[in-house]
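Source file entry.cif; content: mmCIF, C-alpha atoms.
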```cif
data_data
loop_
_atom_site.label_atom_id
_atom_site.label_comp_id
_atom_site.auth_asym_id
_atom_site.auth_seq_id
_atom_site.Cartn_x
_atom_site.Cartn_y
_atom_site.Cartn_z
CA MET A 1 -22.32 13.86 0.60
CA ARG A 2 -20.16 12.66 3.46
CA PHE A 3 -16.94 13.84 1.85
CA ASN A 4 -18.21 17.41 1.83
CA LYS A 5 -19.09 17.05 5.50
CA ILE A 6 -15.54 15.92 6.21
CA LYS A 7 -14.12 18.95 4.42
CA ALA A 8 -16.59 21.25 6.13
CA ARG A 9 -15.59 19.85 9.53
CA VAL A 10 -11.94 20.65 8.82
CA ARG A 11 -12.79 24.13 7.58
CA SER A 12 -14.82 24.76 10.72
CA LEU A 13 -11.63 25.12 12.71
CA ALA A 14 -11.03 28.85 13.19
CA GLU A 15 -7.35 28.65 12.23
CA VAL A 16 -8.13 26.77 9.02
CA ALA A 17 -10.90 29.19 8.10
CA ALA A 18 -8.43 32.06 8.48
CA TRP A 19 -5.74 30.39 6.38
CA PRO A 20 -6.67 30.43 2.67
CA LEU A 21 -3.78 28.17 1.68
CA MET A 22 -5.11 25.39 3.90
CA GLY A 23 -8.50 25.82 2.28
CA GLU A 24 -6.92 25.66 -1.15
CA LEU A 25 -5.24 22.34 -0.38
CA ILE A 26 -8.46 20.94 1.07
CA ASP A 27 -10.23 21.84 -2.16
CA LYS A 28 -7.67 19.96 -4.27
CA ILE A 29 -8.34 16.59 -2.70
CA GLY A 30 -10.72 14.25 -4.50
CA HIS A 31 -12.57 11.26 -3.15
CA ARG A 32 -13.11 7.65 -4.13
CA GLU A 33 -15.82 5.68 -2.46
CA SER A 34 -14.56 2.83 -0.28
CA LEU A 35 -10.93 3.56 -1.19
CA SER A 36 -10.03 6.93 0.28
CA VAL A 37 -8.54 6.24 3.68
CA TRP A 38 -10.70 8.83 5.47
CA GLU A 39 -13.59 6.48 4.75
CA TYR A 40 -12.09 3.85 7.00
CA PRO A 41 -13.09 5.38 10.35
CA VAL A 42 -16.65 5.51 9.06
CA ALA A 43 -16.59 1.85 8.00
CA ALA A 44 -15.08 0.74 11.32
CA CYS A 45 -17.57 2.83 13.30
CA GLU A 46 -20.51 1.32 11.44
CA ALA A 47 -19.05 -2.17 11.75
CA VAL A 48 -19.09 -1.94 15.55
CA GLY A 49 -22.63 -0.57 15.62
CA GLY A 50 -21.96 3.17 15.47
CA SER A 51 -23.23 5.70 12.96
CA ALA A 52 -21.43 7.42 10.09
CA GLU A 53 -22.09 10.73 11.80
CA ALA A 54 -20.32 9.58 14.95
CA ALA A 55 -17.20 8.78 12.92
CA LEU A 56 -16.91 12.27 11.45
CA PRO A 57 -14.18 13.56 13.83
CA GLY A 58 -12.03 10.53 13.01
CA ALA A 59 -12.66 10.82 9.28
CA ALA A 60 -11.76 14.52 9.33
CA ALA A 61 -8.60 13.84 11.35
CA VAL A 62 -7.48 11.12 8.91
CA PHE A 63 -8.20 13.47 6.01
CA CYS A 64 -5.88 16.06 7.60
CA SER A 65 -3.25 13.41 8.24
CA VAL A 66 -3.24 12.28 4.61
CA ILE A 67 -2.63 15.86 3.45
CA SER A 68 0.09 16.34 6.05
CA ILE A 69 1.86 13.10 5.13
CA HIS A 70 1.67 13.85 1.44
CA LEU A 71 3.09 17.33 1.66
CA VAL A 72 6.17 15.97 3.41
CA ASP A 73 6.33 12.76 1.37
CA ASP A 74 6.58 14.76 -1.85
CA ILE A 75 9.48 16.75 -0.40
CA LEU A 76 11.27 13.58 0.69
CA ASP A 77 10.64 11.88 -2.67
CA GLU A 78 11.59 14.99 -4.63
CA ASP A 79 8.34 14.52 -6.46
CA PRO A 80 8.16 16.94 -9.40
CA ALA A 81 4.43 17.41 -8.76
CA GLY A 82 4.90 18.32 -5.09
CA GLU A 83 3.51 21.54 -3.61
CA HIS A 84 6.98 22.50 -2.41
CA HIS A 85 7.92 23.49 -5.96
CA ARG A 86 5.20 26.11 -5.82
CA LEU A 87 5.34 27.15 -2.18
CA GLY A 88 8.92 26.40 -1.16
CA VAL A 89 10.10 23.61 1.10
CA GLY A 90 9.86 25.49 4.39
CA ARG A 91 6.36 26.75 3.83
CA THR A 92 5.18 23.34 2.65
CA ALA A 93 6.66 21.61 5.70
CA ASN A 94 4.92 24.17 7.91
CA LEU A 95 1.61 23.40 6.23
CA GLY A 96 2.23 19.73 6.91
CA LEU A 97 2.60 20.51 10.60
CA ALA A 98 -0.57 22.60 10.47
CA PHE A 99 -2.65 19.78 9.04
CA GLN A 100 -1.30 17.30 11.55
CA ALA A 101 -2.20 19.65 14.40
CA ALA A 102 -5.62 20.23 12.85
CA GLY A 103 -6.19 16.48 13.07
CA HIS A 104 -5.61 16.62 16.82
CA ARG A 105 -7.95 19.57 17.19
CA LEU A 106 -10.70 17.75 15.31
CA LEU A 107 -10.46 14.78 17.66
CA ASP A 108 -10.80 17.05 20.67
CA ASP A 109 -14.54 17.09 20.23
CA PRO A 110 -16.39 18.24 23.39
CA ALA A 111 -19.31 15.98 22.47
CA LEU A 112 -17.13 12.94 23.21
CA SER A 113 -16.34 11.50 26.60
CA THR A 114 -13.01 12.38 28.18
CA ALA A 115 -11.88 8.76 27.95
CA THR A 116 -12.72 8.50 24.25
CA ARG A 117 -11.02 11.79 23.48
CA ALA A 118 -7.89 10.65 25.29
CA ALA A 119 -7.86 7.32 23.42
CA LEU A 120 -8.33 9.07 20.09
CA GLN A 121 -5.52 11.53 20.77
CA ALA A 122 -3.21 8.68 21.74
CA SER A 123 -4.06 6.72 18.59
CA PHE A 124 -3.58 9.69 16.30
CA ALA A 125 -0.31 10.77 17.93
CA ALA A 126 1.08 7.23 17.80
CA MET A 127 0.17 7.01 14.13
CA SER A 128 1.79 10.37 13.28
CA LEU A 129 5.00 9.50 15.09
CA ALA A 130 5.19 6.00 13.59
CA THR A 131 4.55 7.30 10.09
CA ALA A 132 7.21 9.99 10.43
CA PHE A 133 9.67 7.36 11.57
CA GLY A 134 8.76 5.12 8.65
CA GLN A 135 9.10 8.00 6.23
CA ASP A 136 12.56 8.73 7.56
CA LEU A 137 13.56 5.10 7.08
CA ASP A 138 12.17 5.24 3.57
CA ALA A 139 14.17 8.37 2.77
CA ARG A 140 17.32 6.26 2.77
CA ASP A 141 18.34 3.84 0.06
CA LEU A 142 17.41 0.33 1.16
CA CYS A 143 19.87 -2.53 0.78
CA GLY A 144 17.71 -5.62 0.38
CA GLU A 145 14.33 -7.23 0.63
CA GLU A 146 14.36 -7.78 4.35
CA GLU A 147 15.00 -4.11 4.97
CA TYR A 148 12.29 -3.24 2.45
CA TRP A 149 9.71 -5.14 4.51
CA ARG A 150 10.86 -3.53 7.72
CA VAL A 151 10.39 -0.09 6.22
CA VAL A 152 7.01 -0.99 4.73
CA ASP A 153 5.79 -2.15 8.13
CA ALA A 154 6.93 1.12 9.66
CA LYS A 155 5.67 3.43 6.95
CA THR A 156 2.20 2.60 5.68
CA PRO A 157 0.29 0.34 8.12
CA PRO A 158 0.14 2.84 11.04
CA LEU A 159 -2.21 5.18 9.15
CA PHE A 160 -4.58 2.37 8.20
CA ALA A 161 -4.42 0.91 11.70
CA ALA A 162 -5.27 4.24 13.34
CA ALA A 163 -8.07 4.94 10.86
CA PHE A 164 -9.85 1.70 11.77
CA GLU A 165 -9.01 1.99 15.47
CA MET A 166 -10.33 5.54 15.79
CA GLY A 167 -13.51 4.63 13.95
CA ALA A 168 -14.06 1.72 16.31
CA LEU A 169 -13.50 3.93 19.36
CA LEU A 170 -15.94 6.51 18.04
CA GLY A 171 -18.49 3.73 17.54
CA GLY A 172 -18.19 2.66 21.16
CA ALA A 173 -16.14 -0.51 20.64
CA THR A 174 -14.10 -2.08 23.41
CA GLY A 175 -10.36 -1.53 23.39
CA GLU A 176 -9.89 -5.15 22.37
CA VAL A 177 -12.07 -4.86 19.28
CA ALA A 178 -10.45 -1.53 18.38
CA SER A 179 -7.08 -3.22 18.63
CA GLN A 180 -8.19 -6.08 16.38
CA LEU A 181 -9.40 -3.57 13.83
CA ALA A 182 -6.00 -1.89 14.01
CA ASP A 183 -4.49 -5.27 13.06
CA LEU A 184 -6.81 -5.39 10.08
CA GLY A 185 -5.61 -1.93 9.09
CA ARG A 186 -2.00 -3.00 9.29
CA ALA A 187 -2.62 -5.95 6.94
CA LEU A 188 -4.45 -3.70 4.51
CA GLY A 189 -1.63 -1.15 4.74
CA ARG A 190 0.90 -3.73 3.59
CA TYR A 191 -1.38 -4.70 0.73
CA VAL A 192 -1.77 -1.08 -0.37
CA GLN A 193 1.96 -0.43 -0.21
CA VAL A 194 2.80 -3.35 -2.53
CA SER A 195 -0.07 -2.40 -4.84
CA ASP A 196 1.22 1.17 -4.90
CA ASP A 197 4.78 0.06 -5.66
CA LEU A 198 3.66 -2.11 -8.58
CA SER A 199 1.39 0.62 -9.86
CA ASP A 200 4.14 3.25 -9.70
CA ALA A 201 6.72 1.02 -11.36
CA LEU A 202 4.46 0.37 -14.35
CA GLN A 203 3.35 3.93 -14.95
CA THR A 204 4.35 6.13 -17.85
CA PRO A 205 6.10 8.56 -17.65
CA ALA A 206 8.47 7.31 -14.99
CA LYS A 207 7.41 7.99 -11.41
CA ALA A 208 9.69 9.27 -8.66
CA ASP A 209 10.17 5.66 -7.49
CA TRP A 210 12.82 5.20 -10.17
CA ASN A 211 14.94 7.85 -8.42
CA ARG A 212 15.30 5.58 -5.38
CA PRO A 213 14.85 2.21 -7.07
CA ALA A 214 15.73 0.03 -4.09
CA ASN A 215 12.70 1.40 -2.22
CA ASN A 216 10.19 -0.02 -4.70
CA LEU A 217 9.50 -3.76 -4.43
CA PRO A 218 9.31 -4.80 -8.12
CA ILE A 219 12.26 -2.59 -9.06
CA LEU A 220 14.29 -3.91 -6.13
CA TYR A 221 13.44 -7.44 -7.25
CA ALA A 222 14.60 -6.81 -10.81
CA MET A 223 17.80 -5.17 -9.54
CA THR A 224 18.82 -7.95 -7.18
CA VAL A 225 17.34 -11.30 -8.17
CA ASP A 226 19.61 -13.41 -10.36
CA HIS A 227 17.55 -13.34 -13.55
CA ALA A 228 18.70 -13.29 -17.17
CA ASP A 229 17.99 -9.58 -17.81
CA ARG A 230 19.41 -8.09 -14.61
CA ASP A 231 22.38 -6.31 -16.22
CA GLN A 232 20.16 -4.88 -18.91
CA PHE A 233 17.64 -3.76 -16.32
CA LEU A 234 20.32 -1.96 -14.33
CA LEU A 235 21.32 -0.03 -17.44
CA LEU A 236 17.77 0.82 -18.49
CA SER A 237 16.68 1.79 -14.99
CA LYS A 238 19.15 4.67 -15.05
CA ARG A 239 17.63 6.09 -18.23
CA VAL A 240 13.90 5.94 -17.54
CA ASP A 241 13.39 9.54 -18.62
CA ASP A 242 13.70 8.07 -22.10
CA ALA A 243 10.37 6.45 -23.01
CA GLU A 244 11.95 3.52 -24.84
CA SER A 245 14.26 2.72 -21.93
CA LEU A 246 11.35 2.94 -19.48
CA ASN A 247 9.29 0.57 -21.59
CA GLY A 248 12.20 -1.86 -21.81
CA ALA A 249 12.71 -1.76 -18.04
CA GLN A 250 8.99 -2.29 -17.44
CA LYS A 251 8.96 -5.32 -19.73
CA ILE A 252 11.77 -6.80 -17.67
CA LEU A 253 9.66 -6.21 -14.56
CA LEU A 254 7.15 -8.57 -16.14
CA ARG A 255 9.38 -11.31 -17.52
CA SER A 256 11.76 -11.41 -14.54
CA GLY A 257 8.82 -12.32 -12.32
CA ALA A 258 8.92 -9.05 -10.36
CA ALA A 259 5.29 -8.25 -11.12
CA SER A 260 4.34 -11.87 -10.45
CA TYR A 261 6.03 -11.71 -7.06
CA CYS A 262 4.10 -8.56 -6.18
CA THR A 263 0.93 -10.36 -7.22
CA LEU A 264 1.74 -13.23 -4.88
CA LYS A 265 2.30 -10.76 -2.03
CA LEU A 266 -1.01 -9.06 -2.80
CA ILE A 267 -2.79 -12.42 -2.62
CA GLN A 268 -1.13 -13.22 0.69
CA PHE A 269 -1.92 -9.87 2.28
CA ALA A 270 -5.49 -9.97 1.02
CA GLN A 271 -5.83 -13.42 2.56
CA GLU A 272 -4.36 -12.22 5.84
CA ALA A 273 -6.77 -9.29 5.98
CA ALA A 274 -9.76 -11.53 5.25
CA GLU A 275 -8.75 -13.92 8.01
CA ILE A 276 -8.36 -11.12 10.56
CA LEU A 277 -11.72 -9.64 9.63
CA ALA A 278 -13.40 -13.04 10.04
CA ARG A 279 -12.13 -13.28 13.63
CA ILE A 280 -13.41 -9.89 14.86
CA PRO A 281 -16.81 -9.88 16.61
CA LEU A 282 -18.66 -7.13 14.75
CA SER A 283 -22.26 -5.96 14.53
CA ASP A 284 -21.95 -5.60 10.77
CA PRO A 285 -18.71 -6.57 8.98
CA GLN A 286 -20.06 -5.48 5.58
CA PRO A 287 -18.64 -1.91 5.53
CA LEU A 288 -15.18 -3.34 6.14
CA ALA A 289 -15.69 -6.24 3.74
CA ARG A 290 -16.60 -3.72 1.05
CA ILE A 291 -13.32 -1.87 1.55
CA LEU A 292 -11.34 -5.09 1.25
CA ALA A 293 -13.30 -6.11 -1.83
CA GLU A 294 -12.71 -2.77 -3.51
CA HIS A 295 -8.99 -2.99 -2.91
CA LYS A 296 -8.94 -6.53 -4.30
CA ARG A 297 -10.83 -5.66 -7.48
CA PRO A 298 -7.75 -4.91 -9.64
CA LEU A 299 -6.07 -8.06 -8.32
CA ARG A 300 -9.05 -10.16 -9.33
CA LYS A 301 -9.04 -8.69 -12.82
CA LEU A 302 -5.30 -9.16 -13.05
CA LEU A 303 -5.60 -12.85 -12.29
CA ALA A 304 -8.56 -13.15 -14.64
CA SER A 305 -6.45 -11.61 -17.42
CA VAL A 306 -4.12 -14.62 -17.33
CA GLY A 307 -6.91 -17.11 -17.50
CA LEU A 308 -7.59 -17.76 -13.88
CA ASP A 309 -11.30 -18.09 -14.31
CA GLU A 310 -12.10 -18.24 -10.64
CA PRO A 311 -9.53 -16.03 -8.96
CA ALA A 312 -11.96 -15.55 -6.10
CA ALA A 313 -10.62 -18.75 -4.55
CA LEU A 314 -7.21 -17.12 -4.30
CA VAL A 315 -8.23 -13.69 -3.08
CA SER A 316 -11.41 -14.29 -1.11
CA MET B 1 -12.95 -24.86 11.33
CA LYS B 2 -10.43 -24.36 8.56
CA THR B 3 -9.60 -20.88 7.38
CA PRO B 4 -9.86 -20.09 3.65
CA LEU B 5 -6.09 -20.38 3.54
CA GLU B 6 -6.12 -23.86 5.02
CA ARG B 7 -8.82 -24.93 2.59
CA ASN B 8 -6.93 -23.68 -0.44
CA PRO B 9 -4.01 -25.95 -1.29
CA ALA B 10 -2.68 -23.56 -3.93
CA ILE B 11 -2.08 -20.77 -1.46
CA ARG B 12 -1.07 -23.15 1.29
CA ARG B 13 1.73 -24.51 -0.86
CA ALA B 14 2.79 -21.06 -2.02
CA ARG B 15 2.95 -19.71 1.52
CA ALA B 16 4.71 -22.68 3.01
CA PRO B 17 8.11 -21.76 4.44
CA PRO B 18 11.19 -23.62 3.21
CA ALA B 19 11.49 -27.11 4.69
CA THR B 20 14.73 -26.16 6.42
CA PRO B 21 14.49 -22.65 7.83
CA SER B 22 17.82 -20.96 7.29
CA PRO B 23 19.18 -17.47 6.86
CA VAL B 24 18.29 -15.98 3.52
CA VAL B 25 21.07 -14.76 1.26
CA VAL B 26 20.03 -11.27 0.25
CA PRO B 27 22.20 -9.58 -2.37
CA ASP B 28 22.15 -5.86 -1.76
CA ALA B 29 21.61 -3.20 -4.39
CA ASN B 30 25.28 -3.43 -5.34
CA HIS B 31 24.95 -7.17 -5.71
CA SER B 32 27.38 -8.10 -3.01
CA ASN B 33 26.00 -11.14 -1.26
CA LYS B 34 25.41 -10.93 2.45
CA THR B 35 23.60 -13.22 4.81
CA GLU B 36 20.92 -11.82 7.07
CA GLY B 37 18.63 -13.44 9.56
CA LEU B 38 14.92 -13.56 9.04
CA SER B 39 12.82 -10.76 10.49
CA PRO B 40 9.85 -11.68 12.69
CA PHE B 41 7.47 -10.61 9.95
CA TRP B 42 9.33 -12.73 7.49
CA GLU B 43 9.47 -15.95 9.45
CA GLY B 44 6.99 -18.53 8.34
CA ASP B 45 5.07 -16.00 6.33
CA THR B 46 6.46 -16.35 2.87
CA MET B 47 9.42 -17.00 0.64
CA SER B 48 11.95 -14.35 -0.30
CA PHE B 49 11.89 -13.02 -3.81
CA HIS B 50 15.06 -15.01 -4.53
CA ASP B 51 13.28 -18.21 -3.56
CA PHE B 52 10.25 -17.09 -5.52
CA HIS B 53 12.28 -16.56 -8.67
CA SER B 54 13.87 -20.01 -8.37
CA LYS B 55 10.44 -21.53 -7.98
CA LEU B 56 9.05 -19.54 -10.88
CA VAL B 57 11.75 -20.57 -13.35
CA SER B 58 12.05 -24.15 -12.13
CA ASP B 59 8.62 -24.84 -13.59
CA GLN B 60 8.18 -27.71 -11.14
CA ASP B 61 5.28 -26.37 -9.14
CA ALA B 62 2.24 -26.69 -11.37
CA ASN B 63 -0.39 -25.54 -8.91
CA LEU B 64 -3.05 -23.11 -10.03
CA LEU B 65 -1.47 -20.09 -8.40
CA PHE B 66 2.00 -20.59 -9.81
CA THR B 67 0.63 -21.33 -13.25
CA ALA B 68 -1.12 -17.95 -13.16
CA LEU B 69 1.98 -16.19 -11.86
CA ARG B 70 4.06 -17.72 -14.64
CA LYS B 71 1.54 -16.52 -17.20
CA LEU B 72 1.87 -13.02 -15.78
CA SER B 73 5.60 -13.16 -16.37
CA LEU B 74 4.97 -13.99 -20.03
CA LEU B 75 3.03 -10.79 -20.70
CA ASP B 76 5.02 -8.47 -22.92
CA ASP B 77 3.19 -5.19 -22.46
CA PRO B 78 2.86 -3.65 -18.99
CA ARG B 79 -0.54 -2.37 -20.02
CA GLN B 80 -1.75 -5.96 -20.49
CA MET B 81 -1.66 -6.26 -16.73
CA ALA B 82 -4.43 -3.72 -16.61
CA GLN B 83 -6.68 -5.45 -19.09
CA GLY B 84 -10.34 -4.80 -18.54
CA GLU B 85 -9.88 -2.28 -15.75
CA GLU B 86 -11.38 1.12 -16.43
CA GLU B 87 -10.90 2.89 -13.14
CA PRO B 88 -7.61 3.76 -11.47
CA GLY B 89 -6.54 1.13 -8.99
CA PRO B 90 -6.57 1.78 -5.30
CA GLY B 91 -2.87 1.54 -4.65
CA TRP B 92 -2.17 5.22 -5.16
CA ILE B 93 -4.63 6.37 -2.56
CA VAL B 94 -2.09 6.86 0.19
CA TRP B 95 1.28 7.61 -1.29
CA GLY B 96 0.58 8.35 -4.93
CA ASP B 97 -1.76 11.25 -5.37
CA ALA B 98 -3.32 11.98 -2.02
CA GLY B 99 -6.66 10.56 -3.04
CA THR B 100 -7.10 12.83 -6.02
CA VAL B 101 -9.23 11.41 -8.76
CA THR B 102 -6.65 11.91 -11.46
CA GLY B 103 -3.97 9.43 -10.43
CA PRO B 104 -3.14 6.73 -12.99
CA ALA B 105 -2.52 3.26 -11.71
CA LEU B 106 -1.65 -0.32 -12.33
CA ALA B 107 -5.13 -1.32 -13.27
CA ARG B 108 -5.86 1.40 -15.78
CA SER B 109 -6.52 0.12 -19.26
#
```
If you convert what's in this file into structure tokens, what do you get?
Amino acid sequence: MRFNKIKARVRSLAEVAAWPLMGELIDKIGHRESLSVWEYPVAACEAVGGSAEAALPGAAAVFCSVISIHLVDDILDEDPAGEHHRLGVGRTANLGLAFQAAGHRLLDDPALSTATRAALQASFAAMSLATAFGQDLDARDLCGEEEYWRVVDAKTPPLFAAAFEMGALLGGATGEVASQLADLGRALGRYVQVSDDLSDALQTPAKADWNRPANNLPILYAMTVDHADRDQFLLLSKRVDDAESLNGAQKILLRSGAASYCTLKLIQFAQEAAEILARIPLSDPQPLARILAEHKRPLRKLLASVGLDEPAALVS
Amino acid sequence: MKTPLERNPAIRRARAPPATPSPVVVPDANHSNKTEGLSPFWEGDTMSFHDFHSKLVSDQDANLLFTALRKLSLLDDPRQMAQGEEEPGPGWIVWGDAGTVTGPALARS
């Protein structure tokens, strides 16, 4: 299984092998076909004519980056499930640094040309820096929708862009094609962020998003748009530890149109991604098309649930 | 050749920018109104959620997309949004649960 190969590649680094805690965190990560972001370098590599094996350094680096980002993200979000509750903030932050550095080491593969290695290092470093900047922006309370979109663009798309770009470089693509694939990743990153916000807002028990409500799109909508239940929502949103209050707030997310607005954004971003993909000259677009299709599956079912018999026309 | 967007009047109408581009009034989290210019990403790409809400409640746009979006706003149970979906949705892959297989999601039934 490719996922095991990715993990094995990370563990093959001497420092990781000598650090049981890193191994423990690697073991905790599960995998979902076509959805886990470390699959994206593989899909991009195959799309430009490369092999899955050739993409392995990129996939392993993205895997490390996801762990690194998450360790710090949980600290910033004060997530009750974060590793920092078990290990302490300082030690967890240090592990985050370790995984980020491991990503760089994995890309420094002597089997690759000097030019490819340099391009990969640049892509990965740019992604790490951009994501950290976006995370810092997201750590503050946002003050409106425009600022929300600015932070989203800074926070999530860089990882997706780099994942596709590195896969393309490992598959031997030109810089131009790699750049186009990075654009595809950015569009998908926006889609995933909105999907994640809607998902988090509707979950029970309340997710950490309710602690910084202005940073979640549907909650921000319900807090600021002039709808009939806004005052009630503001009251309920402060008491979401109570199941009844959470349920009441979530119902307002539906009837205020907040969830509908997120759905519209998902349709738009899915459309944007499909249009970008159609423009890129690829040997085989199917691996990338499969990723887009998998991400769109819940959206299709969502639209079908309200009687849109042929939602494909809206999300194709 | 037309893109899928250009061929689909429902999306084309929904994505169309306001006829008169103007600064959007964005109430902040404390509900004090302030006027801000449009960001580059924003321009021409979509309507703000304030404009969206007006359009949703005005009930004037009867295209396929807005009819579906209005129906979504009539659902009473958040879990109805997940009808028919057995697997966790993909949204949590990056920021939710680090790709673990246990994360719940929007599309879970």
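The spacing separating atom CA of Gly103 of chain A from atom CA of Leu184 of chain A amounts to 22.1 Å.
With all atoms listed in the file as the atoms that count, the minimum distance from chain B to the choices A:Leu13, A:Ala304, A:Ala130, A:Val89 is reached by A:Ala304.
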Per-residue nearest contacts chain A to chain B, cut-off 6 Å, using only C-alpha atoms, as CSV:
```
residue,atom,partner,partner_atom,distance
A:Ile29,CA,B:Thr100,CA,5.2
A:Gly30,CA,B:Thr100,CA,4.2
A:His31,CA,B:Gly99,CA,6.0
A:Ser36,CA,B:Gly99,CA,6.0
A:Cys143,CA,B:Asp28,CA,4.8
A:Gly144,CA,B:Asp28,CA,4.9
A:Val192,CA,B:Gly91,CA,5.1
A:Ser195,CA,B:Gly91,CA,4.8
A:Asp196,CA,B:Gly91,CA,4.1
A:Ser199,CA,B:Leu106,CA,4.0
A:Val225,CA,B:His50,CA,5.7
A:Lys251,CA,B:Asp76,CA,6.0
A:Leu254,CA,B:Ser73,CA,4.9
A:Arg255,CA,B:Ser73,CA,4.4
A:Gly257,CA,B:Ser73,CA,5.2
A:Ser260,CA,B:Leu69,CA,5.1
A:His295,CA,B:Pro90,CA,5.9
A:Pro298,CA,B:Ala107,CA,5.7
A:Leu302,CA,B:Met81,CA,5.9
A:Val306,CA,B:Lys71,CA,6.0
```
Quick one: distance from atom CA of Thr114 of chain A to atom CA of Leu277 of chain A in Å, one decimal?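 Separating atom CA of Thr114 of chain A from atom CA of Leu277 of chain A is a distance of 28.8 Å.
Of note, atom CA of Gly82 of chain A and atom CA of Glu15 of chain A are spaced 23.6 Å apart.
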Minimum-distance residue to Leu71 of chain A, chosen among A:Ser305, A:Gln286, A:Ser51, A:Asn94 (using only C-alpha atoms): A:Asn94
For the file shown, report as an MDAnalysis selection string the outcome of the PyMOL selection byres ((chain A and resi 78) around 12) at residue level. chainID A and resid 70:77 79:85 89 139 207:212
Excluding segment 151-155 of chain A and any residue of its chain fewer than 5 positions from it, enumerate the residues within 8 Å of it, using only C-alpha atoms, and give them as a tab-separated table (two decimals) with C-alpha atoms, keeping the file's coordinate frame.
```tsv
chain	number	residue	atom	x	y	z
A	130	ALA	CA	5.19	6.00	13.59
A	131	THR	CA	4.55	7.30	10.09
A	132	ALA	CA	7.21	9.99	10.43
A	133	PHE	CA	9.67	7.36	11.57
A	134	GLY	CA	8.76	5.12	8.65
A	135	GLN	CA	9.10	8.00	6.23
A	137	LEU	CA	13.56	5.10	7.08
A	138	ASP	CA	12.17	5.24	3.57
A	186	ARG	CA	-2.00	-3.00	9.29
A	190	ARG	CA	0.90	-3.73	3.59
A	193	GLN	CA	1.96	-0.43	-0.21
```
Take the PyMOL selection byres ((chain A and resi 180) around 9), run it mentally on this structure, and tell me the resulting residues as a list in words.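 Answer for the PyMOL selection byres ((chain A and resi 180) around 9): Glu165, Gly175, Glu176, Val177, Ala178, Ser179, Leu181, Ala182, Asp183, Leu184, Gly185, Ile276, Leu277, Arg279 and Ile280 of chain A.
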Pick from A:Leu188, A:Pro281, A:Leu142, A:Ala161 nearest to Lys265 of chain A, counting only C-alpha atoms: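 Using only C-alpha atoms, Lys265 of chain A sits closest to A:Leu188.
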Nearest to Glu294 of chain A by atom-to-atom distance, counting all atoms listed in the file, from A:Leu264, A:Leu35, A:Leu234, A:Leu95: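 Of A:Leu264, A:Leu35, A:Leu234, A:Leu95, the one nearest Glu294 of chain A is A:Leu35, counting all atoms listed in the file.
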Missing atoms in segment 132-140 of chain A: fill them in up to N, CA, C and O atoms and send the result as a PDB file, keeping the file's coordinate frame.
```pdb
ATOM      1  N   ALA A 132       6.027   9.137  10.637  1.00  0.00           N
ATOM      2  CA  ALA A 132       7.210   9.990  10.430  1.00  0.00           C
ATOM      3  C   ALA A 132       8.486   9.156  10.512  1.00  0.00           C
ATOM      4  O   ALA A 132       9.415   9.332   9.708  1.00  0.00           O
ATOM      5  N   PHE A 133       8.510   8.232  11.451  1.00  0.00           N
ATOM      6  CA  PHE A 133       9.670   7.360  11.570  1.00  0.00           C
ATOM      7  C   PHE A 133       9.822   6.495  10.310  1.00  0.00           C
ATOM      8  O   PHE A 133      10.920   6.368   9.747  1.00  0.00           O
ATOM      9  N   GLY A 134       8.720   5.933   9.859  1.00  0.00           N
ATOM     10  CA  GLY A 134       8.760   5.120   8.650  1.00  0.00           C
ATOM     11  C   GLY A 134       9.181   5.916   7.432  1.00  0.00           C
ATOM     12  O   GLY A 134       9.939   5.434   6.584  1.00  0.00           O
ATOM     13  N   GLN A 135       8.714   7.145   7.346  1.00  0.00           N
ATOM     14  CA  GLN A 135       9.100   8.000   6.230  1.00  0.00           C
ATOM     15  C   GLN A 135      10.597   8.297   6.252  1.00  0.00           C
ATOM     16  O   GLN A 135      11.243   8.369   5.212  1.00  0.00           O
ATOM     17  N   ASP A 136      11.123   8.475   7.456  1.00  0.00           N
ATOM     18  CA  ASP A 136      12.560   8.730   7.560  1.00  0.00           C
ATOM     19  C   ASP A 136      13.361   7.502   7.122  1.00  0.00           C
ATOM     20  O   ASP A 136      14.369   7.629   6.427  1.00  0.00           O
ATOM     21  N   LEU A 137      12.895   6.328   7.534  1.00  0.00           N
ATOM     22  CA  LEU A 137      13.560   5.100   7.080  1.00  0.00           C
ATOM     23  C   LEU A 137      13.508   4.997   5.560  1.00  0.00           C
ATOM     24  O   LEU A 137      14.478   4.611   4.900  1.00  0.00           O
ATOM     25  N   ASP A 138      12.374   5.365   5.013  1.00  0.00           N
ATOM     26  CA  ASP A 138      12.170   5.240   3.570  1.00  0.00           C
ATOM     27  C   ASP A 138      12.961   6.281   2.784  1.00  0.00           C
ATOM     28  O   ASP A 138      13.136   6.150   1.574  1.00  0.00           O
ATOM     29  N   ALA A 139      13.408   7.323   3.462  1.00  0.00           N
ATOM     30  CA  ALA A 139      14.170   8.370   2.770  1.00  0.00           C
ATOM     31  C   ALA A 139      15.596   7.922   2.467  1.00  0.00           C
ATOM     32  O   ALA A 139      16.317   8.596   1.750  1.00  0.00           O
ATOM     33  N   ARG A 140      15.986   6.777   3.050  1.00  0.00           N
ATOM     34  CA  ARG A 140      17.320   6.260   2.770  1.00  0.00           C
ATOM     35  C   ARG A 140      17.232   5.159   1.712  1.00  0.00           C
ATOM     36  O   ARG A 140      16.188   4.536   1.554  1.00  0.00           O
TER      37      ARG A 140
END
```
